$ cat my_file-v5.txt   # compact mmCIF, C-alpha atoms and all ligand atoms
# COMPACT_ATOMS: atom_id res chain seq x y z
CA MET A 132 -0.15 0.92 22.38
CA LEU A 133 -0.84 1.48 18.68
CA ASN A 134 -0.76 5.00 17.35
CA GLN A 135 0.97 4.88 13.95
CA LEU A 136 -1.34 3.67 11.22
CA SER A 137 -0.61 3.03 7.56
CA GLN A 138 -3.00 2.21 4.77
CA SER A 139 -2.37 -1.49 5.54
CA HIS A 140 -3.73 -1.01 9.06
CA LEU A 141 -6.85 0.76 7.79
CA THR A 142 -7.41 -1.88 5.12
CA LEU A 143 -7.30 -4.72 7.58
CA LEU A 144 -9.29 -2.88 10.24
CA GLU A 145 -12.07 -2.21 7.76
CA ALA A 146 -12.02 -5.75 6.33
CA CYS A 147 -12.20 -7.51 9.68
CA PRO A 148 -11.51 -5.89 13.07
CA ARG A 149 -10.77 -9.27 14.67
CA ARG A 150 -8.15 -10.03 12.07
CA PHE A 151 -6.61 -6.60 12.72
CA GLN A 152 -6.44 -7.55 16.40
CA HIS A 153 -4.76 -10.90 15.64
CA ALA A 154 -2.28 -9.33 13.25
CA TYR A 155 -1.26 -6.13 15.01
CA LEU A 156 -2.14 -6.54 18.69
CA ASP A 157 -1.78 -10.27 19.27
CA GLN A 158 1.01 -10.45 16.63
CA LEU A 159 -0.26 -13.79 15.40
CA MET A 160 0.46 -13.36 11.67
CA HIS A 161 1.16 -16.58 9.91
CA PRO A 162 4.50 -16.92 8.17
CA MET A 163 4.45 -16.07 4.47
CA THR A 164 4.56 -18.74 1.83
CA ARG A 165 7.73 -18.99 -0.20
CA GLU A 166 5.97 -17.30 -3.13
CA GLN A 167 4.80 -14.40 -0.96
CA GLN A 168 8.27 -14.02 0.53
CA ALA A 169 9.84 -14.00 -2.95
CA ALA A 170 7.33 -11.42 -4.18
CA LEU A 171 7.99 -9.24 -1.14
CA GLU A 172 11.76 -9.40 -1.59
CA TRP A 173 11.50 -8.66 -5.31
CA GLY A 174 9.28 -5.67 -4.58
CA ASN A 175 11.65 -4.42 -1.90
CA ARG A 176 14.65 -4.67 -4.21
CA PHE A 177 12.75 -2.91 -6.96
CA HIS A 178 11.92 -0.03 -4.62
CA VAL A 179 15.52 0.22 -3.43
CA MET A 180 16.76 0.25 -7.01
CA MET A 181 14.30 2.96 -7.99
CA GLN A 182 15.40 5.06 -5.04
CA GLN A 183 19.05 4.58 -5.98
CA ARG A 184 18.25 5.64 -9.53
CA GLU A 185 16.52 8.76 -8.23
CA LEU A 186 19.60 9.56 -6.16
CA GLY A 187 21.74 9.26 -9.28
CA LEU A 188 23.54 6.12 -8.11
CA PRO A 189 24.44 3.38 -10.59
CA LEU A 190 21.78 0.69 -10.83
CA GLN A 191 24.37 -2.07 -10.86
CA ALA A 192 25.30 -1.16 -7.29
CA ILE A 193 22.48 -3.30 -5.92
CA ASP A 194 23.47 -6.75 -4.86
CA THR A 195 20.94 -9.17 -6.30
CA PRO A 196 21.24 -12.93 -6.19
CA ALA A 197 21.45 -14.64 -9.55
CA GLU A 198 18.12 -16.48 -9.20
CA SER A 199 15.89 -16.49 -12.23
CA ASP A 200 13.25 -14.05 -10.98
CA ASP A 201 15.83 -11.58 -9.73
CA ALA A 202 17.51 -11.62 -13.12
CA ALA A 203 14.49 -9.68 -14.39
CA LEU A 204 14.94 -6.92 -11.83
CA LEU A 205 17.53 -4.74 -13.53
CA PRO A 206 15.95 -5.05 -17.01
CA THR A 207 12.56 -4.21 -15.52
CA VAL A 208 13.91 -1.02 -13.95
CA GLN A 209 15.83 -0.10 -17.10
CA GLN A 210 12.87 -0.67 -19.37
CA PHE A 211 10.56 1.26 -17.07
CA VAL A 212 12.90 4.24 -16.99
CA GLN A 213 13.72 4.17 -20.72
CA THR A 214 10.11 3.94 -21.87
CA ASN A 215 8.96 6.80 -19.64
CA PRO A 216 11.59 9.52 -20.06
CA ASP A 217 9.19 12.32 -19.10
CA LEU A 218 8.52 10.70 -15.77
CA PHE A 219 12.17 10.57 -14.88
CA ALA A 220 13.40 13.83 -16.38
CA VAL A 221 14.84 16.14 -13.75
CA GLN A 222 13.61 19.68 -14.39
CA PRO A 223 14.57 22.89 -12.66
CA GLY A 224 12.07 24.14 -10.10
CA ILE A 225 10.31 20.77 -9.77
CA GLY A 226 10.85 18.85 -6.54
CA ARG A 227 11.36 15.09 -6.66
CA TYR A 228 11.19 13.20 -3.38
CA SER A 229 11.84 9.49 -3.32
CA GLU A 230 10.56 7.21 -0.51
CA HIS A 231 9.04 10.32 1.02
CA ARG A 232 7.30 9.74 4.36
CA ARG A 233 4.58 12.05 5.68
CA THR A 234 2.42 11.75 8.76
CA CYS A 235 -0.75 13.48 9.81
CA ASN A 236 -2.27 13.44 13.29
CA VAL A 237 -5.94 12.52 13.39
CA GLN A 238 -7.59 11.84 16.75
CA GLY A 239 -4.20 11.11 18.28
CA TYR A 240 -3.26 8.54 15.64
CA LEU A 241 -0.36 9.23 13.30
CA LEU A 242 -1.59 8.38 9.82
CA THR A 243 1.45 7.56 7.71
CA ALA A 244 2.15 7.45 4.00
CA VAL A 245 5.37 6.57 2.22
CA TYR A 246 5.37 7.92 -1.32
CA ASP A 247 7.57 5.99 -3.71
CA LEU A 248 8.06 9.24 -5.59
CA LEU A 249 6.48 12.64 -5.05
CA ILE A 250 6.78 15.14 -7.88
CA ALA A 251 6.03 18.58 -6.48
CA ARG A 252 5.35 21.35 -8.99
CA GLU A 253 4.28 24.87 -8.16
CA THR A 254 0.58 24.20 -8.53
CA THR A 255 0.31 20.41 -8.73
CA ALA A 256 1.62 17.43 -6.80
CA GLU A 257 1.86 13.96 -8.27
CA ILE A 258 2.19 10.92 -6.04
CA LEU A 259 3.71 7.94 -7.83
CA ASP A 260 3.51 4.41 -6.52
CA TRP A 261 5.35 1.39 -7.95
CA LYS A 262 3.32 -1.80 -7.94
CA THR A 263 5.21 -5.00 -8.51
CA TYR A 264 2.15 -7.25 -8.52
CA PRO A 265 -0.29 -7.65 -11.43
CA LYS A 266 -2.69 -4.86 -12.30
CA PRO A 267 -6.04 -5.62 -10.59
CA LYS A 268 -8.93 -6.32 -12.91
CA ASP A 269 -11.43 -4.63 -10.61
CA LEU A 270 -10.54 -0.96 -10.86
CA ARG A 271 -13.36 0.03 -8.50
CA TRP A 272 -11.56 -1.96 -5.83
CA LEU A 273 -8.41 0.04 -6.51
CA ALA A 274 -10.30 3.35 -6.42
CA GLN A 275 -11.76 2.48 -3.02
CA ASN A 276 -8.52 1.02 -1.69
CA TRP A 277 -7.27 2.77 1.44
CA GLN A 278 -3.98 3.66 -0.20
CA THR A 279 -5.80 5.49 -2.99
CA ARG A 280 -7.76 7.48 -0.44
CA LEU A 281 -5.16 7.95 2.31
CA TYR A 282 -2.12 9.01 0.28
CA PRO A 283 -3.67 12.14 -1.28
CA PHE A 284 -5.52 12.85 1.97
CA ILE A 285 -2.28 13.07 3.94
CA LEU A 286 -0.64 15.24 1.29
CA ALA A 287 -3.58 17.67 1.26
CA GLU A 288 -3.57 17.81 5.06
CA THR A 289 0.17 18.43 5.39
CA THR A 290 0.91 20.82 2.49
CA ASN A 291 -0.60 23.87 0.84
CA TYR A 292 -1.80 21.87 -2.15
CA ALA A 293 -5.57 21.90 -2.59
CA PRO A 294 -7.12 18.44 -3.11
CA ASP A 295 -7.78 19.09 -6.80
CA GLN A 296 -4.08 19.87 -7.31
CA ILE A 297 -3.14 16.36 -6.19
CA SER A 298 -3.15 13.08 -8.10
CA LEU A 299 -2.03 9.55 -7.40
CA THR A 300 -0.62 7.35 -10.16
CA TYR A 301 0.01 3.64 -9.78
CA TRP A 302 2.62 2.12 -12.07
CA PHE A 303 2.27 -1.60 -12.57
CA VAL A 304 5.84 -2.21 -13.54
CA ARG A 305 5.50 -5.91 -14.38
CA ALA A 306 2.44 -5.54 -16.60
CA GLU A 307 2.51 -7.15 -20.02
CA THR A 308 0.80 -6.70 -23.36
CA GLN A 309 -1.67 -9.35 -24.54
CA GLU A 310 1.20 -10.91 -26.45
CA GLY A 311 3.20 -11.23 -23.25
CA THR A 312 5.68 -8.42 -23.94
CA PRO A 313 6.63 -6.51 -20.78
CA GLN A 314 4.97 -3.10 -20.81
CA PRO A 315 4.51 -1.12 -17.57
CA GLN A 316 1.05 0.38 -17.29
CA SER A 317 -0.17 3.29 -15.23
CA LEU A 318 -3.44 4.28 -13.69
CA THR A 319 -4.06 7.80 -12.41
CA PHE A 320 -6.58 8.80 -9.78
CA PRO A 321 -7.26 12.53 -9.58
CA TYR A 322 -8.29 13.91 -6.20
CA SER A 323 -10.94 16.46 -5.28
CA ALA A 324 -12.33 18.46 -2.38
CA ALA A 325 -15.39 16.18 -2.25
CA GLN A 326 -13.18 13.06 -2.05
CA HIS A 327 -11.12 14.74 0.62
CA GLU A 328 -14.14 15.37 2.82
CA ALA A 329 -15.50 11.87 2.22
CA THR A 330 -12.14 10.40 3.17
CA ARG A 331 -11.95 12.59 6.27
CA GLU A 332 -15.34 11.27 7.32
CA ALA A 333 -14.42 7.64 6.63
CA ILE A 334 -11.17 8.00 8.60
CA ALA A 335 -12.94 9.65 11.53
CA GLN A 336 -15.53 6.89 11.65
CA LEU A 337 -12.95 4.10 11.50
CA LEU A 338 -10.70 5.72 14.11
CA ASN A 339 -13.64 6.30 16.45
CA GLN A 340 -14.39 2.60 16.22
CA LEU A 341 -10.74 1.70 16.71
CA THR A 342 -10.51 3.80 19.85
CA GLN A 343 -13.55 2.06 21.30
CA TRP A 344 -12.30 -1.39 20.29
CA LEU A 345 -8.86 -0.72 21.80
CA HIS A 346 -10.53 0.39 24.99
CA ASP A 347 -12.62 -2.79 25.05
CA TYR A 348 -9.58 -4.91 24.20
CA GLU A 349 -7.74 -3.62 27.24
CA ALA A 350 -10.75 -4.67 29.28
CA GLY A 351 -10.55 -8.18 27.81
CA ILE A 352 -13.20 -7.79 25.10
CA PRO A 353 -11.95 -8.90 21.67
CA PHE A 354 -12.40 -6.86 18.49
CA PRO A 355 -15.59 -7.72 16.56
CA GLN A 356 -15.58 -10.41 13.91
CA VAL A 357 -16.64 -9.64 10.37
CA PRO A 358 -20.19 -10.92 9.64
CA GLU A 359 -19.93 -14.47 8.37
CA GLU A 360 -22.08 -13.73 5.32
CA GLU A 361 -19.37 -11.44 3.93
CA GLY A 362 -17.52 -14.59 2.95
CA LEU A 363 -14.03 -13.69 4.18
CA CYS A 364 -13.68 -16.36 6.83
CA PRO A 365 -13.28 -19.47 4.65
CA ASN A 366 -10.08 -17.96 3.24
CA CYS A 367 -8.73 -16.59 6.51
CA SER A 368 -5.95 -18.36 8.38
CA PHE A 369 -7.61 -17.48 11.70
CA GLY A 370 -10.74 -19.45 10.85
CA THR A 371 -10.11 -22.16 13.40
CA ARG A 372 -9.30 -19.63 16.14
CA CYS A 373 -12.53 -17.80 15.27
CA GLN A 374 -14.50 -21.02 14.93
CA ARG A 375 -15.49 -19.84 11.48
CA ASN A 376 -13.97 -22.52 9.25
CA ILE A 377 -12.02 -25.73 9.42
CA GLN A 378 -9.52 -25.55 6.60
CA PRO A 379 -7.56 -22.31 6.37
CA SER A 380 -6.15 -21.54 2.98
CA ARG A 381 -4.03 -18.71 1.68
CA SER A 382 -5.81 -16.35 -0.63
CA SER A 383 -7.86 -13.13 -0.71
CA ILE A 384 -7.84 -11.63 2.79
CA ASP A 385 -4.70 -13.54 3.72
CA LEU A 386 -2.83 -11.52 1.15
CA ILE A 387 -3.98 -8.10 2.30
CA PRO A 388 -1.18 -7.20 4.71
CA ASP A 389 1.50 -9.06 2.79
CA VAL A 390 0.90 -7.42 -0.56
CA ALA A 391 0.42 -4.04 1.03
CA ALA A 392 3.67 -4.45 2.92
CA ILE A 393 5.54 -4.51 -0.37
CA GLU A 394 4.56 -0.89 -0.84
CA GLU A 395 5.47 0.03 2.70
CA VAL A 396 9.14 -0.75 2.42
CA SER A 397 11.12 1.47 4.72
CA LEU A 398 14.63 2.35 3.64
S1 LIG A 401 -11.93 -15.99 10.54
FE1 LIG A 401 -13.32 -14.38 9.90
S2 LIG A 401 -13.80 -13.25 11.78
FE2 LIG A 401 -11.97 -14.46 12.19
S3 LIG A 401 -10.24 -13.10 11.77
FE3 LIG A 401 -10.65 -14.26 9.91
S4 LIG A 401 -12.03 -12.98 8.68
FE4 LIG A 401 -12.07 -12.21 10.79
$ encode --input "my_file-v5.txt" --output "structure tokens" --more "lines below"
Ligand code: SF4
Amino acid sequence: MLNQLSQSHLTLLEACPRRFQHAYLDQLMHPMTREQQAALEWGNRFHVMMQQRELGLPLQAIDTPAESDDAALLPTVQQFVQTNPDLFAVQPGIGRYSEHRRTCNVQGYLLTAVYDLLIARETTAEILDWKTYPKPKDLRWLAQNWQTRLYPFILAETTNYAPDQISLTYWFVRAETQEGTPQPQSLTFPYSAAQHEATREAIAQLLNQLTQWLHDYEAGIPFPQVPEEEGLCPNCSFGTRCQRNIQPSRSSIDLIPDVAAIEEVSL
């Protein structure tokens, strides 16, 4: 019933199995707020525009409404490209793959990654990911994020690149200087054989649990709830359903699938 898993699935499954059940099996996701919807659409348009640029199509070809936030879209893309010429230079013998999807079969589940841009050199592979939300302050969170672990894992499993030949770079395209001047910032995570094995183990453990929980679910047993002391429930919109809180609000865990979805845009 559920065999294709992205980093968003793994993130939610790890955070709270019951919330994963509500979101992906019961399909009970709450509608997005207007702000979340606007952020998602902006991110989607940005990704489309970057793909068009990579294909050599004119940037103006994208139809964007004349609302204030969208007005920043084209300048953001232009500034990003102009201030990072090395990143966007086409060089002979170097493969560039935009919105590149790869899947890897683990325990019967198809783990899926969509690389915003994959730059494939003879001995190194660079995964690039455009982030249209603010750069997180907690970089340890980003390092442990499932996307940071899963994207290089899938590339190492499905190509001849060794783990230490792979890196993942996030570009926070709407970052600003302290003075408020737009200045995209990047953060690179190298990969290694040790990380690869640790990720393999973490995936195996999570998928073993998922298989058991899916089996139980079919027998009428719900997925487990996250321990209350972890503090996620007060900010979860399923609090009432779970009898864990009274007043659902939209923050932290509520944002997990929505923000992640921005990076999962399928073209
Ligand atoms: S209220 Fe708590 S246990 Fe229930 S889905 Fe939300 S985070 Fe999970």
$ residues_near_ligand --input "my_file-v5.txt" --ligand "ligand LIG 401 (chain A)" --cutoff "8 Å" --atoms "all atoms listed in the file" --output "MDAnalysis selection string"
chainID A and resid 146:151 153 355:359 363:376 384
$ atom_distance --input "my_file-v5.txt" --atom1 "atom CA of A:Ile285" --atom2 "atom CA of A:Asn134"
15.7 Å
$ closest_residue --input "my_file-v5.txt" --among "A:Trp302, A:Phe354, A:Phe284, A:Phe211" --to "A:Thr330" --atoms "all atoms listed in the file"
A:Phe284
$ closest_residue --input "my_file-v5.txt" --among "A:Gln135, A:Gln158, A:Thr243, A:Gln309" --to "A:Glu288" --atoms "only C-alpha atoms"
A:Thr243
$ residues_around --input "my_file-v5.txt" --residues "stretch 250-266 of chain A" --least-positions-apart "6" --cutoff "7 Å" --atoms "all atoms listed in the file" --output "MDAnalysis selection string"
chainID A and resid 174 225:228 296:306
$ residues_around --input "my_file-v5.txt" --residues "stretch 339-350 of chain A" --least-positions-apart "3" --cutoff "10 Å" --atoms "only C-alpha atoms" --output "ChimeraX atom specification"
/A:132-133,141,144-145,148-149,152,156,238-240,333-336,353-355
